[in-house]
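Source file: target05.txt (compact mmCIF, C-alpha atoms and all ligand atoms)
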```txt
# COMPACT_ATOMS: atom_id res chain seq x y z
CA MET A 1 124.12 135.71 47.30
CA ILE A 2 127.37 135.01 45.42
CA ASN A 3 128.04 137.35 42.49
CA VAL A 4 129.90 135.73 39.61
CA ALA A 5 131.55 137.65 36.74
CA LEU A 6 131.59 135.51 33.61
CA PRO A 7 133.67 136.38 30.53
CA LYS A 8 131.32 137.19 27.66
CA GLY A 9 131.84 135.06 24.54
CA ARG A 10 132.88 131.54 23.63
CA LEU A 11 134.93 130.96 26.78
CA GLY A 12 132.04 132.25 28.90
CA GLU A 13 129.68 129.60 27.50
CA LYS A 14 132.13 126.86 28.51
CA VAL A 15 132.63 128.42 31.91
CA TYR A 16 128.91 128.72 32.58
CA SER A 17 128.42 125.11 31.50
CA MET A 18 130.96 124.08 34.19
CA PHE A 19 129.01 126.06 36.81
CA GLU A 20 125.79 124.43 35.58
CA LYS A 21 127.23 120.91 35.84
CA ALA A 22 128.64 121.82 39.25
CA GLY A 23 125.04 122.37 40.41
CA PHE A 24 124.83 126.16 40.15
CA GLU A 25 122.50 126.42 37.20
CA CYS A 26 120.51 129.48 36.25
CA PRO A 27 118.17 128.41 33.40
CA SER A 28 117.12 131.96 32.44
CA ILE A 29 120.67 132.53 31.20
CA HIS A 30 119.72 130.55 28.08
CA ASP A 31 116.92 133.01 27.21
CA ASN A 32 117.63 134.79 23.99
CA SER A 33 117.93 138.26 25.40
CA ARG A 34 120.46 141.03 25.84
CA LYS A 35 120.14 140.92 29.61
CA LEU A 36 123.47 140.97 31.39
CA ILE A 37 122.46 139.73 34.86
CA PHE A 38 120.91 136.36 35.74
CA GLU A 39 119.97 135.12 39.15
CA ASN A 40 118.99 131.85 40.79
CA GLU A 41 117.71 132.93 44.18
CA GLU A 42 117.25 129.41 45.45
CA LYS A 43 120.90 128.55 44.72
CA GLY A 44 122.04 131.93 46.01
CA ILE A 45 123.93 132.75 42.82
CA ARG A 46 123.90 135.70 40.44
CA TYR A 47 125.82 135.73 37.16
CA PHE A 48 126.75 138.66 34.99
CA TRP A 49 128.49 138.81 31.64
CA VAL A 50 131.43 141.19 31.36
CA LYS A 51 134.15 141.81 28.80
CA PRO A 52 136.76 139.06 29.44
CA SER A 53 139.53 141.55 30.18
CA ASP A 54 137.29 143.32 32.75
CA VAL A 55 136.51 140.27 34.93
CA SER A 56 139.48 140.82 37.24
CA ILE A 57 138.49 144.49 37.75
CA TYR A 58 134.98 143.48 38.93
CA VAL A 59 136.47 140.85 41.23
CA GLU A 60 139.31 142.98 42.59
CA ARG A 61 136.90 145.79 43.49
CA GLY A 62 134.30 143.46 44.99
CA ALA A 63 131.50 144.07 42.46
CA ALA A 64 131.82 140.30 41.90
CA ASP A 65 132.76 137.80 44.63
CA ILE A 66 134.25 135.38 42.14
CA GLY A 67 134.88 135.26 38.39
CA VAL A 68 136.77 133.57 35.63
CA ALA A 69 139.70 135.29 33.94
CA GLY A 70 142.47 134.26 31.59
CA LYS A 71 145.94 133.85 33.08
CA ASP A 72 147.12 136.38 30.45
CA ILE A 73 145.01 139.11 32.08
CA LEU A 74 146.15 138.11 35.59
CA LEU A 75 149.81 138.25 34.55
CA GLU A 76 149.42 141.53 32.69
CA TYR A 77 147.49 143.47 35.34
CA SER A 78 148.47 141.65 38.58
CA PRO A 79 145.09 142.33 40.26
CA GLU A 80 144.83 141.90 44.04
CA ILE A 81 142.70 138.75 43.96
CA TYR A 82 142.99 135.11 44.97
CA GLU A 83 143.55 132.66 42.15
CA LEU A 84 141.58 129.61 43.26
CA LEU A 85 141.61 127.09 40.45
CA ASP A 86 142.97 126.36 36.96
CA LEU A 87 139.84 125.38 34.98
CA ASN A 88 141.97 123.85 32.21
CA ILE A 89 139.82 125.48 29.49
CA GLY A 90 140.50 128.45 27.23
CA LYS A 91 143.91 127.00 26.68
CA CYS A 92 146.36 128.86 24.48
CA LYS A 93 149.85 130.29 24.84
CA MET A 94 151.52 133.66 25.03
CA ALA A 95 154.21 133.59 22.38
CA VAL A 96 156.79 135.65 20.56
CA ALA A 97 156.13 135.56 16.82
CA ALA A 98 157.80 137.11 13.80
CA LYS A 99 158.01 136.92 10.02
CA LYS A 100 159.25 133.56 8.80
CA GLY A 101 163.03 133.32 8.91
CA PHE A 102 163.39 136.19 11.41
CA TYR A 103 166.86 136.45 12.95
CA ASP A 104 167.31 138.32 16.22
CA ASP A 105 170.34 140.59 15.98
CA ASN A 106 171.38 141.10 19.62
CA SER A 107 173.35 144.23 18.88
CA ARG A 108 170.12 146.10 18.05
CA THR A 109 167.18 147.11 20.23
CA LEU A 110 164.31 144.72 19.50
CA LYS A 111 161.02 146.36 18.51
CA VAL A 112 158.16 144.47 20.18
CA ALA A 113 154.49 145.12 19.39
CA THR A 114 151.95 143.84 21.90
CA LYS A 115 148.76 144.34 23.88
CA PHE A 116 150.53 142.73 26.84
CA VAL A 117 153.13 145.34 27.74
CA ASN A 118 154.00 144.03 31.21
CA ILE A 119 154.24 140.39 30.14
CA ALA A 120 156.53 141.36 27.25
CA LYS A 121 158.68 143.65 29.44
CA ASN A 122 159.11 140.98 32.13
CA PHE A 123 159.93 138.32 29.58
CA TYR A 124 162.68 140.32 27.91
CA ALA A 125 163.95 141.76 31.22
CA SER A 126 164.55 138.19 32.41
CA ARG A 127 166.83 137.79 29.38
CA CYS A 128 168.45 141.20 29.74
CA ARG A 129 167.31 141.95 26.17
CA ASP A 130 166.97 145.61 25.31
CA ILE A 131 163.54 146.29 23.76
CA ASP A 132 161.37 149.08 22.45
CA ILE A 133 157.70 148.38 23.30
CA ILE A 134 154.98 149.40 20.87
CA LYS A 135 151.57 149.12 22.56
CA LEU A 136 148.76 148.14 20.21
CA ASN A 137 145.14 147.27 20.97
CA GLY A 138 144.39 144.59 18.37
CA SER A 139 145.39 143.03 15.04
CA ILE A 140 148.90 142.82 16.47
CA GLU A 141 149.96 140.54 13.60
CA LEU A 142 150.05 143.52 11.25
CA ALA A 143 153.02 145.10 13.04
CA PRO A 144 155.88 142.87 11.76
CA ILE A 145 154.29 142.64 8.32
CA LEU A 146 154.30 146.43 7.92
CA GLY A 147 157.72 146.87 9.56
CA LEU A 148 156.27 148.57 12.64
CA SER A 149 157.98 145.97 14.85
CA ASP A 150 160.48 143.10 14.63
CA VAL A 151 158.36 140.71 16.69
CA ILE A 152 155.02 140.52 18.48
CA VAL A 153 154.11 139.08 21.87
CA ASP A 154 150.56 137.79 21.58
CA ILE A 155 148.10 134.99 22.25
CA VAL A 156 148.34 131.99 19.93
CA GLU A 157 145.46 129.54 20.07
CA THR A 158 145.12 127.50 16.88
CA GLY A 159 148.01 129.27 15.10
CA THR A 160 145.74 130.09 12.15
CA THR A 161 146.15 133.87 12.37
CA LEU A 162 149.95 133.57 12.29
CA LYS A 163 149.89 131.04 9.46
CA GLU A 164 147.55 133.06 7.28
CA ASN A 165 149.81 136.09 7.67
CA ASP A 166 153.12 134.29 7.02
CA LEU A 167 154.28 134.63 10.59
CA GLU A 168 155.60 131.93 12.92
CA VAL A 169 156.16 131.34 16.61
CA VAL A 170 159.73 132.16 17.64
CA GLU A 171 159.27 130.95 21.22
CA THR A 172 156.63 130.37 23.87
CA VAL A 173 156.50 132.86 26.73
CA ILE A 174 153.98 131.04 28.93
CA PRO A 175 150.99 128.66 28.62
CA ILE A 176 147.62 130.29 29.34
CA SER A 177 144.29 128.95 30.62
CA ALA A 178 141.17 130.21 32.42
CA ARG A 179 141.35 130.63 36.20
CA LEU A 180 138.64 130.85 38.86
CA ILE A 181 139.43 133.93 40.95
CA ALA A 182 137.96 135.43 44.13
CA ASN A 183 137.75 138.81 45.78
CA LYS A 184 139.94 138.75 48.90
CA SER A 185 137.39 140.01 51.41
CA SER A 186 134.55 137.97 49.87
CA PHE A 187 136.73 134.89 50.37
CA LYS A 188 137.13 135.87 54.02
CA PHE A 189 133.47 136.66 54.73
CA LYS A 190 131.73 134.18 52.39
CA THR A 191 134.27 131.36 52.85
CA LYS A 192 131.71 128.56 53.14
CA GLU A 193 129.74 129.52 50.02
CA ILE A 194 132.86 130.11 47.90
CA GLU A 195 134.53 126.89 49.04
CA GLU A 196 131.38 124.96 48.18
CA ILE A 197 131.51 126.38 44.64
CA LEU A 198 135.27 125.75 44.46
CA ASP A 199 134.93 122.09 45.47
CA SER A 200 132.10 121.47 42.97
CA MET A 201 134.06 123.20 40.22
CA LYS A 202 137.17 121.13 41.00
CA ALA A 203 135.12 118.03 40.24
CA GLN A 204 134.30 119.48 36.79
CA VAL A 205 137.89 120.16 35.74
CA LYS A 206 138.99 117.79 33.03
CA THR A 207 142.66 116.92 33.14
CA ASP A 208 144.74 116.30 30.02
CA ASP A 209 145.42 112.63 29.40
C1 LIG B 1 143.67 136.73 19.43
C2 LIG B 1 145.15 136.96 19.23
C3 LIG B 1 145.39 136.46 17.83
C4 LIG B 1 144.37 135.36 17.67
C5 LIG B 1 145.06 134.03 17.82
O1 LIG B 1 143.02 137.81 18.87
O2 LIG B 1 145.48 138.32 19.41
O3 LIG B 1 145.17 137.49 16.90
O4 LIG B 1 143.40 135.52 18.72
O5 LIG B 1 144.19 132.95 17.58
P1 LIG B 1 144.58 131.76 16.59
O6 LIG B 1 145.96 131.28 16.95
O7 LIG B 1 143.54 130.70 16.87
O8 LIG B 1 144.50 132.27 15.18
P2 LIG B 1 141.53 138.20 19.22
O9 LIG B 1 140.59 137.38 18.40
O10 LIG B 1 141.33 138.12 20.69
O11 LIG B 1 141.45 139.70 18.70
P3 LIG B 1 142.46 140.94 18.73
O12 LIG B 1 142.99 141.07 17.33
O13 LIG B 1 141.59 142.08 19.11
O14 LIG B 1 143.57 140.70 19.71
```

Structure translated into structure tokens:
Amino acid sequence: MINVALPKGRLGEKVYSMFEKAGFECPSIHDNSRKLIFENEEKGIRYFWVKPSDVSIYVERGAADIGVAGKDILLEYSPEIYELLDLNIGKCKMAVAAKKGFYDDNSRTLKVATKFVNIAKNFYASRCRDIDIIKLNGSIELAPILGLSDVIVDIVETGTTLKENDLEVVETVIPISARLIANKSSFKFKTKEIEEILDSMKAQVKTDD
């Protein structure tokens, strides 16, 4: 049995649909219920829905053999896992954003609000820019509006949240997409099963034209 941690929500639906097309369907997953675990014994696969930011924890600790996590989470937490495949879905970018017309005065420490403390620290360290990190847990866009920070480092998908709050992207930190990941010892001991899933999933990845 291969245990798969799926990210709950919109991305999870897309991810499951890729598994389904790859031949690892589990029809009961479509039942309108609050169940969190679904199994197809014949296919030897068991899915469970977890909070997207928790997928890599389940996989790293072996509660799941494989899973799908955003590159943002992998960069932020550096879990000990194997990254097997870029699924080319859930695409967005990690970006620095600020109030329109923001000018970065290099002589001052830059106040940066973010959920992604390590990504932000690494980004500014690579530029030798002195920063003061303000860790927030959501609605990051409020910080520059209320003067809590100069800039934010956050996910930008459609850009609507920034636009509706009179903010703009200053620069892109890194492009983000969903990745298929595996537990290291599962990959060693269930190599055949995981590689079969990996190969079938590769065939489902749509490339950008
Ligand atoms: C994310 C991110 C932005 C928004 C960007 O927030 O933090 O706020 O999505 O999307 P957009 O460019 O399409 O507007 P999320 O919905 O994950 O909630 P959060 O406020 O808890 O971070």

List every residue of chain A that has an atom at most 8 Å from any atom of ligand LIG 1 (chain B), and for each one report the closest atom pair and its distance in Å to one decimal, counting only C-alpha atoms and all ligand atoms, with rows sorted by chain and then by increasing residue number, as CSV.
```
residue,atom,partner,partner_atom,distance
A:Cys92,CA,B:LIG1,O6,7.9
A:Lys115,CA,B:LIG1,O14,7.6
A:Asn137,CA,B:LIG1,O13,6.6
A:Gly138,CA,B:LIG1,O13,3.8
A:Ser139,CA,B:LIG1,O12,3.9
A:Ile140,CA,B:LIG1,O12,6.2
A:Glu141,CA,B:LIG1,O3,6.6
A:Asp154,CA,B:LIG1,O2,5.5
A:Ile155,CA,B:LIG1,C2,4.7
A:Val156,CA,B:LIG1,O6,3.9
A:Glu157,CA,B:LIG1,O6,3.6
A:Thr158,CA,B:LIG1,O7,3.6
A:Gly159,CA,B:LIG1,O6,3.4
A:Thr160,CA,B:LIG1,O8,3.9
A:Thr161,CA,B:LIG1,O8,3.6
A:Leu162,CA,B:LIG1,O8,6.3
A:Lys163,CA,B:LIG1,O8,8.0
```

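Using all atoms listed in the file, the smallest distance between any of A:Ala125, A:Ile134, A:Val205, A:Ala95 and A:Ile174 comes from A:Ala95.
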
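Pairwise distance (atom CA of A:Val153, atom CA of A:Leu110) equals 11.9 Å.
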
TODO: With all atoms listed in the file counted, which protein, DNA or RNA residues have an atom no more than 9 Å from (122.0, 130.5, 45.0) in the file frame? Please answer as a VMD selection string.
DONE: chain A and resid 1 to 2 24 to 26 39 to 46

- [ ] Please provide the set of residues having any atom within 10 Å of A:Lys121, restricted to all atoms listed in the file, with same-chain residues fewer than 3 positions apart removed, written as a list in words.
- [x] Val112, Phe116, Val117, Asn118, Tyr124, Ala125, Ser126, Arg129, Asp130, Ile131, Asp132, Ile133 and Val153 of chain A

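Separating atom CA of A:Lys100 from atom CA of A:Asn165 is a distance of 9.8 Å.
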
- [ ] One decimal, Å: what's the distance from atom CA of A:Asp105 over to atom CA of A:Glu168, could you say?
- [x] 17.4 Å

Open item on the list: Given the point (131.4, 128.6, 42.6) in the coordinates of this file, which residues lie within 10 Å, counting all atoms listed in the file, and how would they look as a PyMOL selection string?
Closed with: chain A and resi 2-4+18-20+22-24+45+65-67+180-182+193-202

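The residue set within 12 Å of A:Tyr77, counting only C-alpha atoms and dropping same-chain residues fewer than 2 places from it, reads Ser53, Asp54, Val55, Ser56, Ile57, Glu60, Ala69, Gly70, Lys71, Asp72, Ile73, Leu74, Leu75, Pro79, Glu80, Ile81, Lys115, Phe116, Val117, Asn118 and Ile119 of chain A.
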
Atoms kept (C-alpha atoms) for selection, written as a PDB file, keeping the file's coordinate frame:
```pdb
ATOM      1  CA  SER A  53     139.530 141.550  30.180  1.00  0.00           C
ATOM      2  CA  ASP A  54     137.290 143.320  32.750  1.00  0.00           C
ATOM      3  CA  VAL A  55     136.510 140.270  34.930  1.00  0.00           C
ATOM      4  CA  SER A  56     139.480 140.820  37.240  1.00  0.00           C
ATOM      5  CA  ILE A  57     138.490 144.490  37.750  1.00  0.00           C
ATOM      6  CA  GLU A  60     139.310 142.980  42.590  1.00  0.00           C
ATOM      7  CA  ALA A  69     139.700 135.290  33.940  1.00  0.00           C
ATOM      8  CA  GLY A  70     142.470 134.260  31.590  1.00  0.00           C
ATOM      9  CA  LYS A  71     145.940 133.850  33.080  1.00  0.00           C
ATOM     10  CA  ASP A  72     147.120 136.380  30.450  1.00  0.00           C
ATOM     11  CA  ILE A  73     145.010 139.110  32.080  1.00  0.00           C
ATOM     12  CA  LEU A  74     146.150 138.110  35.590  1.00  0.00           C
ATOM     13  CA  LEU A  75     149.810 138.250  34.550  1.00  0.00           C
ATOM     14  CA  PRO A  79     145.090 142.330  40.260  1.00  0.00           C
ATOM     15  CA  GLU A  80     144.830 141.900  44.040  1.00  0.00           C
ATOM     16  CA  ILE A  81     142.700 138.750  43.960  1.00  0.00           C
ATOM     17  CA  LYS A 115     148.760 144.340  23.880  1.00  0.00           C
ATOM     18  CA  PHE A 116     150.530 142.730  26.840  1.00  0.00           C
ATOM     19  CA  VAL A 117     153.130 145.340  27.740  1.00  0.00           C
ATOM     20  CA  ASN A 118     154.000 144.030  31.210  1.00  0.00           C
ATOM     21  CA  ILE A 119     154.240 140.390  30.140  1.00  0.00           C
TER      22      ILE A 119
END
```

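Between A:Val68 and the candidates A:Lys8, A:Lys111, A:Lys35, A:Lys135, the tightest atom-to-atom separation, counting only C-alpha atoms, involves A:Lys8.
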
Which residues come within 8 Å of A:Gly62, counting all atoms listed in the file, excluding same-chain residues fewer than 5 positions away, as a PDB file with C-alpha atoms, keeping the file's coordinate frame?
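Once everything was written out, this is part.pdb:
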```
ATOM      1  CA  ASN A 183     137.750 138.810  45.780  1.00  0.00           C
ATOM      2  CA  SER A 185     137.390 140.010  51.410  1.00  0.00           C
ATOM      3  CA  SER A 186     134.550 137.970  49.870  1.00  0.00           C
TER       4      SER A 186
END
```

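Among the candidates A:Gly147, A:Glu171, A:Trp49, A:Ser33, the residue lying nearest to A:Val96 is A:Glu171 (atoms considered: only C-alpha atoms).
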
Open item on the list: I'd like the contact shell of A:Lys14 - 12 Å cut-off, only C-alpha atoms, skipping same-chain residues fewer than 2 positions apart - returned as an MDAnalysis selection string.
Closed with: chainID A and resid 6:12 16:21 68 87:91 178 204:205

Given 8 Å on each side, where is the centre and what are the edge lengths in Å to one decimal of the axis-aligned box enclosing the listed atoms of stretch 77-88 of chain A, as AutoDock Vina command-line options?
```
--center_x 144.2 --center_y 133.7 --center_z 38.6 --size_x 24.6 --size_y 35.6 --size_z 28.8
```

From the coordinates I just gave you, please extract stretch 4-35 of chain A so that only N, CA, C and O atoms remain, then output it as a short mmCIF file (atom, residue, chain, number, x, y, z; two decimals), in the first residue's frame.
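Saved file part.cif follows:
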```cif
data_model
loop_
_atom_site.label_atom_id
_atom_site.label_comp_id
_atom_site.auth_asym_id
_atom_site.auth_seq_id
_atom_site.Cartn_x
_atom_site.Cartn_y
_atom_site.Cartn_z
N VAL A 4 -0.56 8.34 0.24
CA VAL A 4 -0.34 9.60 -0.48
C VAL A 4 -0.98 10.77 0.28
O VAL A 4 -2.19 10.76 0.52
N ALA A 5 -0.18 11.77 0.64
CA ALA A 5 -0.73 12.97 1.29
C ALA A 5 -1.06 14.00 0.23
O ALA A 5 -0.18 14.45 -0.51
N LEU A 6 -2.35 14.33 0.14
CA LEU A 6 -2.81 15.32 -0.85
C LEU A 6 -3.09 16.64 -0.14
O LEU A 6 -3.64 16.65 0.96
N PRO A 7 -2.75 17.77 -0.79
CA PRO A 7 -3.06 19.06 -0.16
C PRO A 7 -4.55 19.38 -0.31
O PRO A 7 -5.07 19.40 -1.42
N LYS A 8 -5.21 19.59 0.83
CA LYS A 8 -6.64 19.88 0.84
C LYS A 8 -6.90 21.20 0.12
O LYS A 8 -6.14 22.14 0.26
N GLY A 9 -7.98 21.25 -0.67
CA GLY A 9 -8.32 22.51 -1.33
C GLY A 9 -8.25 22.42 -2.84
O GLY A 9 -8.18 21.33 -3.40
N ARG A 10 -8.25 23.60 -3.46
CA ARG A 10 -8.32 23.69 -4.93
C ARG A 10 -7.15 22.96 -5.60
O ARG A 10 -7.35 22.21 -6.55
N LEU A 11 -5.95 23.15 -5.08
CA LEU A 11 -4.79 22.48 -5.68
C LEU A 11 -4.94 20.96 -5.56
O LEU A 11 -4.64 20.22 -6.49
N GLY A 12 -5.46 20.52 -4.40
CA GLY A 12 -5.62 19.09 -4.15
C GLY A 12 -6.52 18.42 -5.17
O GLY A 12 -6.28 17.28 -5.58
N GLU A 13 -7.59 19.12 -5.58
CA GLU A 13 -8.51 18.56 -6.58
C GLU A 13 -7.76 18.32 -7.89
O GLU A 13 -7.91 17.29 -8.53
N LYS A 14 -6.94 19.29 -8.29
CA LYS A 14 -6.15 19.16 -9.52
C LYS A 14 -5.14 18.03 -9.40
O LYS A 14 -4.92 17.27 -10.34
N VAL A 15 -4.53 17.94 -8.23
CA VAL A 15 -3.52 16.91 -8.01
C VAL A 15 -4.17 15.53 -8.08
O VAL A 15 -3.68 14.63 -8.77
N TYR A 16 -5.32 15.38 -7.38
CA TYR A 16 -5.98 14.08 -7.39
C TYR A 16 -6.38 13.71 -8.82
O TYR A 16 -6.23 12.55 -9.23
N SER A 17 -6.86 14.69 -9.57
CA SER A 17 -7.26 14.42 -10.95
C SER A 17 -6.08 13.90 -11.79
O SER A 17 -6.25 13.06 -12.68
N MET A 18 -4.87 14.38 -11.49
CA MET A 18 -3.68 13.85 -12.18
C MET A 18 -3.43 12.39 -11.79
O MET A 18 -3.12 11.55 -12.64
N PHE A 19 -3.58 12.09 -10.50
CA PHE A 19 -3.41 10.70 -10.05
C PHE A 19 -4.46 9.80 -10.70
O PHE A 19 -4.17 8.68 -11.12
N GLU A 20 -5.69 10.33 -10.80
CA GLU A 20 -6.79 9.56 -11.39
C GLU A 20 -6.48 9.24 -12.86
O GLU A 20 -6.56 8.09 -13.28
N LYS A 21 -6.07 10.27 -13.60
CA LYS A 21 -5.74 10.07 -15.02
C LYS A 21 -4.52 9.17 -15.18
O LYS A 21 -4.36 8.50 -16.20
N ALA A 22 -3.66 9.18 -14.18
CA ALA A 22 -2.45 8.34 -14.24
C ALA A 22 -2.78 6.87 -13.95
O ALA A 22 -1.91 6.01 -14.03
N GLY A 23 -4.07 6.61 -13.60
CA GLY A 23 -4.49 5.21 -13.38
C GLY A 23 -4.57 4.82 -11.92
O GLY A 23 -4.71 3.65 -11.60
N PHE A 24 -4.49 5.81 -11.01
CA PHE A 24 -4.56 5.50 -9.58
C PHE A 24 -5.82 6.11 -8.97
O PHE A 24 -5.76 6.89 -8.02
N GLU A 25 -6.95 5.75 -9.58
CA GLU A 25 -8.20 6.35 -9.13
C GLU A 25 -8.68 5.73 -7.81
O GLU A 25 -8.27 4.63 -7.46
N CYS A 26 -9.54 6.47 -7.17
CA CYS A 26 -10.14 6.01 -5.92
C CYS A 26 -11.52 6.65 -5.87
O CYS A 26 -11.70 7.71 -5.25
N PRO A 27 -12.53 6.05 -6.57
CA PRO A 27 -13.82 6.71 -6.78
C PRO A 27 -14.49 7.23 -5.51
O PRO A 27 -15.16 8.26 -5.55
N SER A 28 -14.29 6.56 -4.38
CA SER A 28 -15.00 6.99 -3.16
C SER A 28 -14.57 8.39 -2.71
O SER A 28 -15.22 9.02 -1.88
N ILE A 29 -13.47 8.89 -3.27
CA ILE A 29 -12.99 10.21 -2.90
C ILE A 29 -13.99 11.30 -3.31
O ILE A 29 -14.02 12.38 -2.75
N HIS A 30 -14.82 10.97 -4.31
CA HIS A 30 -15.81 11.94 -4.79
C HIS A 30 -17.06 11.96 -3.92
O HIS A 30 -17.93 12.81 -4.11
N ASP A 31 -17.19 11.02 -2.99
CA ASP A 31 -18.36 11.01 -2.10
C ASP A 31 -18.39 12.29 -1.29
O ASP A 31 -17.34 12.78 -0.85
N ASN A 32 -19.60 12.81 -1.15
CA ASN A 32 -19.72 14.05 -0.39
C ASN A 32 -19.66 13.77 1.10
O ASN A 32 -20.66 13.67 1.77
N SER A 33 -18.47 13.62 1.62
CA SER A 33 -18.37 13.33 3.04
C SER A 33 -17.20 14.10 3.64
O SER A 33 -16.47 14.76 2.92
N ARG A 34 -17.06 14.01 4.93
CA ARG A 34 -15.95 14.72 5.59
C ARG A 34 -14.83 13.75 5.92
O ARG A 34 -13.94 14.05 6.70
N LYS A 35 -14.91 12.57 5.29
CA LYS A 35 -13.85 11.58 5.51
C LYS A 35 -12.51 12.14 5.01
O LYS A 35 -12.46 12.87 4.03
#
```
